[in-house]
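Colleague: My structure file query_28.tsv, TSV, N, CA and C atoms, is below:
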chain	number	residue	atom	x	y	z
A	1	MET	N	107.35	133.74	97.66
A	1	MET	CA	106.03	133.19	97.86
A	1	MET	C	106.16	131.93	98.70
A	2	ASN	N	105.34	131.82	99.77
A	2	ASN	CA	105.39	130.60	100.57
A	2	ASN	C	104.28	129.65	100.12
A	3	CYS	N	104.37	128.40	100.55
A	3	CYS	CA	103.42	127.37	100.12
A	3	CYS	C	102.00	127.66	100.55
A	4	GLU	N	101.82	128.32	101.68
A	4	GLU	CA	100.49	128.59	102.18
A	4	GLU	C	99.70	129.52	101.27
A	5	SER	N	100.35	130.33	100.48
A	5	SER	CA	99.64	131.29	99.63
A	5	SER	C	99.13	130.65	98.34
A	6	ILE	N	99.49	129.41	98.08
A	6	ILE	CA	99.06	128.73	96.86
A	6	ILE	C	97.93	127.77	97.21
A	7	ASN	N	96.77	127.95	96.60
A	7	ASN	CA	95.63	127.08	96.84
A	7	ASN	C	95.14	126.56	95.50
A	8	PRO	N	95.44	125.30	95.16
A	8	PRO	CA	95.05	124.77	93.85
A	8	PRO	C	93.55	124.65	93.67
A	9	LEU	N	92.77	124.75	94.75
A	9	LEU	CA	91.32	124.63	94.63
A	9	LEU	C	90.63	125.95	94.35
A	10	GLU	N	91.37	127.06	94.42
A	10	GLU	CA	90.78	128.39	94.24
A	10	GLU	C	90.06	128.56	92.91
A	11	SER	N	90.57	127.94	91.86
A	11	SER	CA	89.98	128.13	90.54
A	11	SER	C	88.70	127.32	90.34
A	12	LEU	N	88.38	126.42	91.26
A	12	LEU	CA	87.18	125.59	91.13
A	12	LEU	C	85.96	126.31	91.70
A	13	SER	N	84.78	125.93	91.23
A	13	SER	CA	83.55	126.48	91.79
A	13	SER	C	83.38	125.96	93.21
A	14	VAL	N	82.50	126.59	93.97
A	14	VAL	CA	82.27	126.18	95.36
A	14	VAL	C	81.82	124.72	95.43
A	15	SER	N	80.87	124.34	94.57
A	15	SER	CA	80.37	122.95	94.60
A	15	SER	C	81.46	121.96	94.19
A	16	ALA	N	82.29	122.34	93.22
A	16	ALA	CA	83.39	121.46	92.81
A	16	ALA	C	84.40	121.30	93.94
A	17	ARG	N	84.68	122.40	94.65
A	17	ARG	CA	85.61	122.32	95.79
A	17	ARG	C	85.06	121.41	96.87
A	18	GLN	N	83.77	121.52	97.16
A	18	GLN	CA	83.15	120.69	98.19
A	18	GLN	C	83.20	119.22	97.77
A	19	SER	N	82.91	118.94	96.51
A	19	SER	CA	82.96	117.56	96.02
A	19	SER	C	84.37	117.00	96.12
A	20	PHE	N	85.34	117.80	95.71
A	20	PHE	CA	86.73	117.38	95.75
A	20	PHE	C	87.16	117.10	97.18
A	21	ARG	N	86.81	117.99	98.10
A	21	ARG	CA	87.18	117.79	99.51
A	21	ARG	C	86.50	116.55	100.08
A	22	SER	N	85.26	116.27	99.70
A	22	SER	CA	84.59	115.08	100.23
A	22	SER	C	85.24	113.81	99.69
A	23	ILE	N	85.72	113.84	98.45
A	23	ILE	CA	86.45	112.69	97.90
A	23	ILE	C	87.74	112.48	98.67
A	24	ILE	N	88.46	113.55	98.95
A	24	ILE	CA	89.71	113.45	99.70
A	24	ILE	C	89.43	112.89	101.09
A	25	ASP	N	88.38	113.40	101.76
A	25	ASP	CA	88.06	112.93	103.10
A	25	ASP	C	87.73	111.46	103.11
A	26	ILE	N	87.00	110.99	102.12
A	26	ILE	CA	86.64	109.58	102.05
A	26	ILE	C	87.88	108.72	101.81
A	27	ALA	N	88.81	109.20	101.03
A	27	ALA	CA	89.97	108.43	100.64
A	27	ALA	C	91.02	108.31	101.75
A	28	MET	N	90.99	109.19	102.72
A	28	MET	CA	92.03	109.21	103.74
A	28	MET	C	91.90	108.03	104.71
A	29	VAL	N	93.05	107.46	105.09
A	29	VAL	CA	93.06	106.44	106.13
A	29	VAL	C	92.78	107.16	107.44
A	30	GLU	N	91.86	106.63	108.21
A	30	GLU	CA	91.46	107.28	109.45
A	30	GLU	C	92.53	107.13	110.52
A	31	ALA	N	92.60	108.15	111.37
A	31	ALA	CA	93.54	108.13	112.50
A	31	ALA	C	92.84	107.57	113.73
A	32	ILE	N	93.59	106.81	114.49
A	32	ILE	CA	93.13	106.32	115.79
A	32	ILE	C	93.54	107.36	116.81
A	33	THR	N	92.59	107.79	117.64
A	33	THR	CA	92.86	108.91	118.54
A	33	THR	C	92.82	108.55	120.02
A	34	SER	N	92.62	107.28	120.35
A	34	SER	CA	92.62	106.90	121.76
A	34	SER	C	93.10	105.46	121.92
A	35	TYR	N	93.54	105.15	123.11
A	35	TYR	CA	94.00	103.80	123.44
A	35	TYR	C	92.85	102.80	123.28
A	36	GLU	N	91.67	103.19	123.75
A	36	GLU	CA	90.49	102.31	123.68
A	36	GLU	C	90.10	102.03	122.22
A	37	GLU	N	90.14	103.08	121.40
A	37	GLU	CA	89.83	102.92	119.98
A	37	GLU	C	90.83	101.97	119.32
A	38	PHE	N	92.10	102.10	119.67
A	38	PHE	CA	93.13	101.22	119.13
A	38	PHE	C	92.86	99.77	119.51
A	39	ARG	N	92.58	99.52	120.79
A	39	ARG	CA	92.31	98.15	121.26
A	39	ARG	C	91.11	97.55	120.53
A	40	GLN	N	90.06	98.31	120.39
A	40	GLN	CA	88.87	97.84	119.68
A	40	GLN	C	89.20	97.52	118.23
A	41	PHE	N	89.98	98.39	117.60
A	41	PHE	CA	90.33	98.22	116.19
A	41	PHE	C	91.14	96.94	115.97
A	42	ILE	N	92.20	96.72	116.75
A	42	ILE	CA	93.07	95.57	116.50
A	42	ILE	C	92.47	94.25	116.97
A	43	ASN	N	91.48	94.29	117.86
A	43	ASN	CA	90.89	93.06	118.39
A	43	ASN	C	89.71	92.55	117.57
A	44	SER	N	89.40	93.21	116.48
A	44	SER	CA	88.30	92.74	115.64
A	44	SER	C	88.75	91.49	114.86
A	45	GLU	N	87.83	90.86	114.23
A	45	GLU	CA	88.13	89.65	113.47
A	45	GLU	C	88.91	89.93	112.19
A	46	GLU	N	88.80	91.15	111.68
A	46	GLU	CA	89.46	91.50	110.42
A	46	GLU	C	90.95	91.76	110.61
A	47	LEU	N	91.71	91.48	109.57
A	47	LEU	CA	93.14	91.79	109.55
A	47	LEU	C	93.29	93.31	109.54
A	48	ALA	N	94.25	93.82	110.30
A	48	ALA	CA	94.42	95.26	110.44
A	48	ALA	C	95.88	95.65	110.30
A	49	ILE	N	96.13	96.79	109.64
A	49	ILE	CA	97.48	97.33	109.52
A	49	ILE	C	97.46	98.76	110.04
A	50	VAL	N	98.41	99.05	110.92
A	50	VAL	CA	98.48	100.37	111.54
A	50	VAL	C	99.83	101.01	111.20
A	51	ASP	N	99.75	102.26	110.76
A	51	ASP	CA	100.93	103.09	110.47
A	51	ASP	C	101.19	103.98	111.67
A	52	PHE	N	102.30	103.73	112.38
A	52	PHE	CA	102.72	104.59	113.47
A	52	PHE	C	103.65	105.65	112.89
A	53	TYR	N	103.28	106.91	113.03
A	53	TYR	CA	104.02	108.00	112.40
A	53	TYR	C	104.18	109.16	113.38
A	54	ALA	N	104.96	110.14	112.98
A	54	ALA	CA	105.09	111.39	113.73
A	54	ALA	C	104.96	112.55	112.73
A	55	ASP	N	104.32	113.62	113.17
A	55	ASP	CA	104.10	114.77	112.28
A	55	ASP	C	105.40	115.36	111.76
A	56	TRP	N	106.45	115.36	112.56
A	56	TRP	CA	107.72	115.97	112.18
A	56	TRP	C	108.55	115.08	111.26
A	57	CYS	N	108.14	113.86	111.04
A	57	CYS	CA	108.91	112.86	110.30
A	57	CYS	C	108.69	113.01	108.79
A	58	GLY	N	109.73	113.49	108.09
A	58	GLY	CA	109.64	113.65	106.64
A	58	GLY	C	109.42	112.35	105.91
A	59	ALA	N	110.07	111.28	106.36
A	59	ALA	CA	109.90	109.97	105.73
A	59	ALA	C	108.46	109.48	105.88
A	60	CYS	N	107.83	109.78	107.01
A	60	CYS	CA	106.43	109.41	107.23
A	60	CYS	C	105.53	110.12	106.22
A	61	GLN	N	105.81	111.39	105.99
A	61	GLN	CA	105.01	112.17	105.05
A	61	GLN	C	105.18	111.67	103.62
A	62	ARG	N	106.39	111.23	103.29
A	62	ARG	CA	106.65	110.75	101.93
A	62	ARG	C	105.99	109.40	101.66
A	63	ILE	N	105.91	108.53	102.67
A	63	ILE	CA	105.34	107.20	102.43
A	63	ILE	C	103.82	107.16	102.67
A	64	SER	N	103.28	108.18	103.26
A	64	SER	CA	101.85	108.22	103.55
A	64	SER	C	100.98	107.99	102.30
A	65	PRO	N	101.28	108.61	101.15
A	65	PRO	CA	100.46	108.35	99.96
A	65	PRO	C	100.52	106.88	99.50
A	66	VAL	N	101.63	106.22	99.73
A	66	VAL	CA	101.74	104.80	99.39
A	66	VAL	C	100.80	104.00	100.28
A	67	PHE	N	100.80	104.31	101.58
A	67	PHE	CA	99.92	103.63	102.53
A	67	PHE	C	98.46	103.85	102.15
A	68	GLU	N	98.12	105.10	101.78
A	68	GLU	CA	96.76	105.43	101.34
A	68	GLU	C	96.36	104.61	100.11
A	69	THR	N	97.25	104.53	99.14
A	69	THR	CA	96.98	103.78	97.91
A	69	THR	C	96.77	102.30	98.21
A	70	LEU	N	97.62	101.75	99.05
A	70	LEU	CA	97.48	100.33	99.41
A	70	LEU	C	96.17	100.07	100.14
A	71	SER	N	95.72	101.04	100.93
A	71	SER	CA	94.45	100.86	101.65
A	71	SER	C	93.28	100.73	100.69
A	72	LYS	N	93.38	101.40	99.55
A	72	LYS	CA	92.31	101.30	98.54
A	72	LYS	C	92.42	100.00	97.75
A	73	LYS	N	93.64	99.57	97.51
A	73	LYS	CA	93.87	98.37	96.70
A	73	LYS	C	93.53	97.08	97.44
A	74	PHE	N	93.78	97.08	98.75
A	74	PHE	CA	93.56	95.87	99.55
A	74	PHE	C	92.39	96.10	100.49
A	75	GLY	N	91.19	96.03	99.94
A	75	GLY	CA	89.98	96.32	100.70
A	75	GLY	C	89.62	95.30	101.75
A	76	THR	N	90.23	94.12	101.72
A	76	THR	CA	89.92	93.10	102.72
A	76	THR	C	90.70	93.31	104.02
A	77	ILE	N	91.58	94.31	104.03
A	77	ILE	CA	92.37	94.63	105.21
A	77	ILE	C	91.95	96.01	105.70
A	78	LYS	N	91.85	96.18	107.01
A	78	LYS	CA	91.53	97.49	107.59
A	78	LYS	C	92.84	98.25	107.81
A	79	PHE	N	92.88	99.51	107.40
A	79	PHE	CA	94.06	100.36	107.54
A	79	PHE	C	93.72	101.53	108.48
A	80	ARG	N	94.63	101.83	109.39
A	80	ARG	CA	94.51	103.01	110.25
A	80	ARG	C	95.90	103.57	110.50
A	81	LYS	N	95.95	104.78	111.04
A	81	LYS	CA	97.23	105.38	111.40
A	81	LYS	C	97.15	105.91	112.82
A	82	VAL	N	98.32	105.96	113.46
A	82	VAL	CA	98.42	106.44	114.84
A	82	VAL	C	99.56	107.44	114.91
A	83	ASN	N	99.25	108.64	115.39
A	83	ASN	CA	100.29	109.62	115.64
A	83	ASN	C	100.99	109.19	116.93
A	84	ALA	N	102.19	108.65	116.80
A	84	ALA	CA	102.91	108.08	117.93
A	84	ALA	C	103.26	109.12	118.99
A	85	GLU	N	103.38	110.37	118.59
A	85	GLU	CA	103.67	111.44	119.53
A	85	GLU	C	102.45	111.73	120.41
A	86	GLU	N	101.27	111.62	119.83
A	86	GLU	CA	100.04	111.89	120.58
A	86	GLU	C	99.58	110.67	121.38
A	87	GLN	N	99.94	109.48	120.92
A	87	GLN	CA	99.53	108.23	121.58
A	87	GLN	C	100.77	107.51	122.13
A	88	LYS	N	101.46	108.18	123.04
A	88	LYS	CA	102.73	107.66	123.57
A	88	LYS	C	102.57	106.32	124.27
A	89	GLN	N	101.45	106.11	124.94
A	89	GLN	CA	101.22	104.85	125.63
A	89	GLN	C	101.28	103.68	124.65
A	90	LEU	N	100.65	103.85	123.50
A	90	LEU	CA	100.67	102.79	122.48
A	90	LEU	C	102.08	102.55	121.96
A	91	SER	N	102.77	103.63	121.65
A	91	SER	CA	104.12	103.52	121.12
A	91	SER	C	105.04	102.81	122.10
A	92	GLN	N	104.95	103.17	123.37
A	92	GLN	CA	105.79	102.55	124.38
A	92	GLN	C	105.43	101.09	124.58
A	93	GLU	N	104.14	100.81	124.64
A	93	GLU	CA	103.67	99.43	124.86
A	93	GLU	C	104.13	98.50	123.74
A	94	LEU	N	104.13	99.01	122.51
A	94	LEU	CA	104.51	98.19	121.36
A	94	LEU	C	105.99	98.30	121.02
A	95	GLY	N	106.72	99.16	121.72
A	95	GLY	CA	108.15	99.32	121.47
A	95	GLY	C	108.47	100.02	120.17
A	96	ILE	N	107.60	100.94	119.74
A	96	ILE	CA	107.82	101.68	118.50
A	96	ILE	C	108.89	102.73	118.74
A	97	ARG	N	110.02	102.62	118.02
A	97	ARG	CA	111.11	103.57	118.20
A	97	ARG	C	111.54	104.21	116.88
A	98	VAL	N	111.05	103.69	115.77
A	98	VAL	CA	111.40	104.17	114.44
A	98	VAL	C	110.12	104.59	113.74
A	99	PHE	N	110.19	105.71	113.03
A	99	PHE	CA	109.03	106.18	112.26
A	99	PHE	C	109.39	106.23	110.79
A	100	PRO	N	108.49	105.78	109.95
A	100	PRO	CA	107.24	105.11	110.29
A	100	PRO	C	107.48	103.65	110.65
A	101	THR	N	106.54	103.09	111.40
A	101	THR	CA	106.52	101.65	111.66
A	101	THR	C	105.12	101.17	111.32
A	102	PHE	N	105.07	100.10	110.54
A	102	PHE	CA	103.80	99.51	110.09
A	102	PHE	C	103.64	98.17	110.80
A	103	VAL	N	102.50	97.99	111.47
A	103	VAL	CA	102.26	96.78	112.24
A	103	VAL	C	100.98	96.11	111.75
A	104	VAL	N	101.08	94.80	111.49
A	104	VAL	CA	99.94	94.01	111.05
A	104	VAL	C	99.41	93.25	112.27
A	105	PHE	N	98.12	93.37	112.51
A	105	PHE	CA	97.47	92.69	113.63
A	105	PHE	C	96.41	91.74	113.12
A	106	GLN	N	96.28	90.63	113.82
A	106	GLN	CA	95.17	89.71	113.55
A	106	GLN	C	94.63	89.26	114.90
A	107	LYS	N	93.37	89.58	115.17
A	107	LYS	CA	92.70	89.25	116.43
A	107	LYS	C	93.52	89.71	117.63
A	108	GLY	N	94.06	90.92	117.54
A	108	GLY	CA	94.78	91.52	118.66
A	108	GLY	C	96.24	91.17	118.77
A	109	GLU	N	96.71	90.25	117.95
A	109	GLU	CA	98.10	89.81	118.01
A	109	GLU	C	98.91	90.43	116.87
A	110	ILE	N	100.16	90.77	117.16
A	110	ILE	CA	101.05	91.27	116.10
A	110	ILE	C	101.47	90.09	115.23
A	111	ILE	N	101.21	90.21	113.94
A	111	ILE	CA	101.57	89.17	112.98
A	111	ILE	C	102.87	89.52	112.28
A	112	ARG	N	102.99	90.78	111.88
A	112	ARG	CA	104.20	91.25	111.19
A	112	ARG	C	104.44	92.70	111.57
A	113	LEU	N	105.69	93.12	111.45
A	113	LEU	CA	106.07	94.49	111.74
A	113	LEU	C	107.16	94.90	110.76
A	114	LYS	N	107.06	96.14	110.26
A	114	LYS	CA	108.05	96.65	109.31
A	114	LYS	C	108.34	98.10	109.67
A	115	ALA	N	109.59	98.38	109.98
A	115	ALA	CA	109.98	99.76	110.32
A	115	ALA	C	110.72	100.37	109.13
A	116	GLY	N	110.47	101.65	108.89
A	116	GLY	CA	111.16	102.36	107.83
A	116	GLY	C	110.25	102.71	106.67
A	117	PRO	N	110.71	103.65	105.83
A	117	PRO	CA	109.86	104.20	104.77
A	117	PRO	C	110.06	103.61	103.38
A	118	ASN	N	110.38	102.33	103.28
A	118	ASN	CA	110.62	101.74	101.97
A	118	ASN	C	109.30	101.31	101.33
A	119	PRO	N	108.88	101.96	100.23
A	119	PRO	CA	107.58	101.64	99.61
A	119	PRO	C	107.48	100.20	99.12
A	120	ILE	N	108.55	99.64	98.60
A	120	ILE	CA	108.50	98.27	98.10
A	120	ILE	C	108.31	97.29	99.26
A	121	GLU	N	109.03	97.53	100.36
A	121	GLU	CA	108.87	96.67	101.53
A	121	GLU	C	107.48	96.81	102.14
A	122	LEU	N	106.92	98.02	102.12
A	122	LEU	CA	105.56	98.22	102.62
A	122	LEU	C	104.56	97.46	101.76
A	123	GLN	N	104.71	97.56	100.45
A	123	GLN	CA	103.81	96.83	99.56
A	123	GLN	C	103.92	95.33	99.78
A	124	THR	N	105.12	94.83	99.96
A	124	THR	CA	105.33	93.40	100.22
A	124	THR	C	104.67	93.00	101.53
A	125	LEU	N	104.81	93.83	102.56
A	125	LEU	CA	104.17	93.57	103.86
A	125	LEU	C	102.67	93.42	103.69
A	126	VAL	N	102.06	94.35	102.96
A	126	VAL	CA	100.61	94.34	102.77
A	126	VAL	C	100.19	93.14	101.91
A	127	GLN	N	100.94	92.85	100.85
A	127	GLN	CA	100.61	91.70	100.01
A	127	GLN	C	100.69	90.39	100.82
A	128	ASN	N	101.75	90.25	101.61
A	128	ASN	CA	101.89	89.06	102.44
A	128	ASN	C	100.76	88.96	103.47
A	129	ALA	N	100.39	90.10	104.03
A	129	ALA	CA	99.29	90.11	105.00
A	129	ALA	C	97.98	89.73	104.33
A	130	SER	N	97.78	90.18	103.10
A	130	SER	CA	96.53	89.87	102.40
A	130	SER	C	96.37	88.37	102.16
A	131	SER	N	97.47	87.65	102.10
A	131	SER	CA	97.39	86.20	101.91
A	131	SER	C	96.85	85.50	103.16
A	132	LEU	N	96.81	86.21	104.30
A	132	LEU	CA	96.28	85.65	105.54
A	132	LEU	C	94.77	85.76	105.62
A	133	VAL	N	94.18	86.59	104.77
A	133	VAL	CA	92.74	86.80	104.78
A	133	VAL	C	92.06	85.60	104.14
A	134	ALA	N	91.19	84.98	104.88
A	134	ALA	CA	90.51	83.77	104.36
A	134	ALA	C	89.37	84.12	103.45
Write the structure described by the file as structure tokens, please.

Modeller:
Amino acid sequence: MNCESINPLESLSVSARQSFRSIIDIAMVEAITSYEEFRQFINSEELAIVDFYADWCGACQRISPVFETLSKKFGTIKFRKVNAEEQKQLSQELGIRVFPTFVVFQKGEIIRLKAGPNPIELQTLVQNASSLVA
């Protein structure tokens, strides 16, 4: 049996499945899909953290739920993700060579950067960044 044949939502009613999917959609950190969107996002007044990842990166997939959880816990910070393979211009411009890489921006400037999938280091990065929020 392969993973695609298992659907944990099958046993739920149609309305329950729709409710569950809408909760999941709301909870997900949004992806940035263009260079212009990225520039607009990081240049706002709010503190921002971006997860640069690649679809093929197993470590990125493992730490993604941690990033999602932190986005809910630290509501004063904006969280987004960028598929570095799809947004190569951004990756090259910022010198992203390791996945995942988490970058903290404030008013368009890089404040902190953390490469690698260590959940404790990611949490520390976010906690330290939250202390910058006035």

Colleague: Quick one: residues within 6 Å of Phe79 (chain A), all atoms listed in the file, excluding same-chain residues fewer than 3 positions away - as a PyMOL selection string?

Modeller: chain A and resi 29-30+48-50+71

Colleague: Contacts of region 97-114 of chain A at 8 Å or less, counting only N, CA and C atoms, minus same-chain residues fewer than 2 places along, as a JSON list (two decimals) with N, CA and C atoms, in the coordinates of the input?

Modeller:
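What ended up in around_3.json:
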[["chain", "number", "residue", "atom", "x", "y", "z"],
["A", 39, "ARG", "N", 92.58, 99.52, 120.79],
["A", 39, "ARG", "CA", 92.31, 98.15, 121.26],
["A", 39, "ARG", "C", 91.11, 97.55, 120.53],
["A", 41, "PHE", "N", 89.98, 98.39, 117.60],
["A", 41, "PHE", "CA", 90.33, 98.22, 116.19],
["A", 41, "PHE", "C", 91.14, 96.94, 115.97],
["A", 42, "ILE", "N", 92.20, 96.72, 116.75],
["A", 42, "ILE", "CA", 93.07, 95.57, 116.50],
["A", 42, "ILE", "C", 92.47, 94.25, 116.97],
["A", 43, "ASN", "N", 91.48, 94.29, 117.86],
["A", 43, "ASN", "CA", 90.89, 93.06, 118.39],
["A", 43, "ASN", "C", 89.71, 92.55, 117.57],
["A", 44, "SER", "N", 89.40, 93.21, 116.48],
["A", 44, "SER", "CA", 88.30, 92.74, 115.64],
["A", 44, "SER", "C", 88.75, 91.49, 114.86],
["A", 45, "GLU", "N", 87.83, 90.86, 114.23],
["A", 45, "GLU", "CA", 88.13, 89.65, 113.47],
["A", 45, "GLU", "C", 88.91, 89.93, 112.19],
["A", 46, "GLU", "N", 88.80, 91.15, 111.68],
["A", 46, "GLU", "CA", 89.46, 91.50, 110.42],
["A", 46, "GLU", "C", 90.95, 91.76, 110.61],
["A", 47, "LEU", "N", 91.71, 91.48, 109.57],
["A", 47, "LEU", "CA", 93.14, 91.79, 109.55],
["A", 47, "LEU", "C", 93.29, 93.31, 109.54],
["A", 48, "ALA", "N", 94.25, 93.82, 110.30],
["A", 48, "ALA", "CA", 94.42, 95.26, 110.44],
["A", 48, "ALA", "C", 95.88, 95.65, 110.30],
["A", 49, "ILE", "N", 96.13, 96.79, 109.64],
["A", 49, "ILE", "CA", 97.48, 97.33, 109.52],
["A", 49, "ILE", "C", 97.46, 98.76, 110.04],
["A", 50, "VAL", "N", 98.41, 99.05, 110.92],
["A", 50, "VAL", "CA", 98.48, 100.37, 111.54],
["A", 50, "VAL", "C", 99.83, 101.01, 111.20],
["A", 51, "ASP", "N", 99.75, 102.26, 110.76],
["A", 51, "ASP", "CA", 100.93, 103.09, 110.47],
["A", 51, "ASP", "C", 101.19, 103.98, 111.67],
["A", 52, "PHE", "N", 102.30, 103.73, 112.38],
["A", 52, "PHE", "CA", 102.72, 104.59, 113.47],
["A", 52, "PHE", "C", 103.65, 105.65, 112.89],
["A", 53, "TYR", "N", 103.28, 106.91, 113.03],
["A", 53, "TYR", "CA", 104.02, 108.00, 112.40],
["A", 53, "TYR", "C", 104.18, 109.16, 113.38],
["A", 54, "ALA", "N", 104.96, 110.14, 112.98],
["A", 54, "ALA", "CA", 105.09, 111.39, 113.73],
["A", 54, "ALA", "C", 104.96, 112.55, 112.73],
["A", 57, "CYS", "N", 108.14, 113.86, 111.04],
["A", 57, "CYS", "CA", 108.91, 112.86, 110.30],
["A", 57, "CYS", "C", 108.69, 113.01, 108.79],
["A", 58, "GLY", "N", 109.73, 113.49, 108.09],
["A", 58, "GLY", "CA", 109.64, 113.65, 106.64],
["A", 58, "GLY", "C", 109.42, 112.35, 105.91],
["A", 59, "ALA", "N", 110.07, 111.28, 106.36],
["A", 59, "ALA", "CA", 109.90, 109.97, 105.73],
["A", 59, "ALA", "C", 108.46, 109.48, 105.88],
["A", 60, "CYS", "N", 107.83, 109.78, 107.01],
["A", 60, "CYS", "CA", 106.43, 109.41, 107.23],
["A", 60, "CYS", "C", 105.53, 110.12, 106.22],
["A", 61, "GLN", "N", 105.81, 111.39, 105.99],
["A", 61, "GLN", "CA", 105.01, 112.17, 105.05],
["A", 61, "GLN", "C", 105.18, 111.67, 103.62],
["A", 91, "SER", "N", 102.77, 103.63, 121.65],
["A", 91, "SER", "CA", 104.12, 103.52, 121.12],
["A", 91, "SER", "C", 105.04, 102.81, 122.10],
["A", 92, "GLN", "N", 104.95, 103.17, 123.37],
["A", 92, "GLN", "CA", 105.79, 102.55, 124.38],
["A", 92, "GLN", "C", 105.43, 101.09, 124.58],
["A", 94, "LEU", "N", 104.13, 99.01, 122.51],
["A", 94, "LEU", "CA", 104.51, 98.19, 121.36],
["A", 94, "LEU", "C", 105.99, 98.30, 121.02],
["A", 95, "GLY", "N", 106.72, 99.16, 121.72],
["A", 95, "GLY", "CA", 108.15, 99.32, 121.47],
["A", 95, "GLY", "C", 108.47, 100.02, 120.17],
["A", 116, "GLY", "N", 110.47, 101.65, 108.89],
["A", 116, "GLY", "CA", 111.16, 102.36, 107.83],
["A", 116, "GLY", "C", 110.25, 102.71, 106.67],
["A", 117, "PRO", "N", 110.71, 103.65, 105.83],
["A", 117, "PRO", "CA", 109.86, 104.20, 104.77],
["A", 117, "PRO", "C", 110.06, 103.61, 103.38],
["A", 118, "ASN", "N", 110.38, 102.33, 103.28],
["A", 118, "ASN", "CA", 110.62, 101.74, 101.97],
["A", 118, "ASN", "C", 109.30, 101.31, 101.33],
["A", 121, "GLU", "N", 109.03, 97.53, 100.36],
["A", 121, "GLU", "CA", 108.87, 96.67, 101.53],
["A", 121, "GLU", "C", 107.48, 96.81, 102.14],
["A", 122, "LEU", "N", 106.92, 98.02, 102.12],
["A", 122, "LEU", "CA", 105.56, 98.22, 102.62],
["A", 122, "LEU", "C", 104.56, 97.46, 101.76],
["A", 125, "LEU", "N", 104.81, 93.83, 102.56],
["A", 125, "LEU", "CA", 104.17, 93.57, 103.86],
["A", 125, "LEU", "C", 102.67, 93.42, 103.69],
["A", 129, "ALA", "N", 100.39, 90.10, 104.03],
["A", 129, "ALA", "CA", 99.29, 90.11, 105.00],
["A", 129, "ALA", "C", 97.98, 89.73, 104.33]]

Colleague: One decimal, Å: what's the distance from CA of Phe38 (chain A) over to CA of Val82 (chain A), could you say?

Modeller: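 These two atoms are separated by 8.6 Å.
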
Colleague: By how many Å are atom N of Lys73 (chain A) and atom N of Lys88 (chain A) apart?

Modeller: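 Computing the Euclidean distance for atom N of Lys73 (chain A) and atom N of Lys88 (chain A) yields 28.1 Å.
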
Colleague: Got a sec to tell me which of region 90-130 of chain A DSSP assigns to alpha helix (DSSP H), as a list in words?

Modeller: Leu90, Ser91, Gln92, Glu93, Leu94, Pro119, Ile120, Glu121, Leu122, Gln123, Thr124, Leu125, Val126, Gln127, Asn128, Ala129 and Ser130 of chain A

Colleague: Calculate how many Å separate atom N of Trp56 (chain A) from CA of Asn83 (chain A), rounding to one decimal.

Modeller: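 Atom-to-atom, atom N of Trp56 (chain A) to CA of Asn83 (chain A), that is 9.0 Å.
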
Colleague: Ranking A:Glu86, A:Leu132, A:Val66, A:Lys78 by minimum distance to Pro119 (chain A) and counting all atoms listed in the file, which one comes first?

Modeller: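 For Pro119 (chain A), the nearest of the candidates is A:Val66.
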
Colleague: Would you mind telling me which residue in A:Ser64, A:Ser130, A:Thr69, A:Gln87 lies nearest to Ser34 (chain A) when using only C-alpha atoms?

Modeller: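 Under the stated criterion, the closest residue is A:Gln87.
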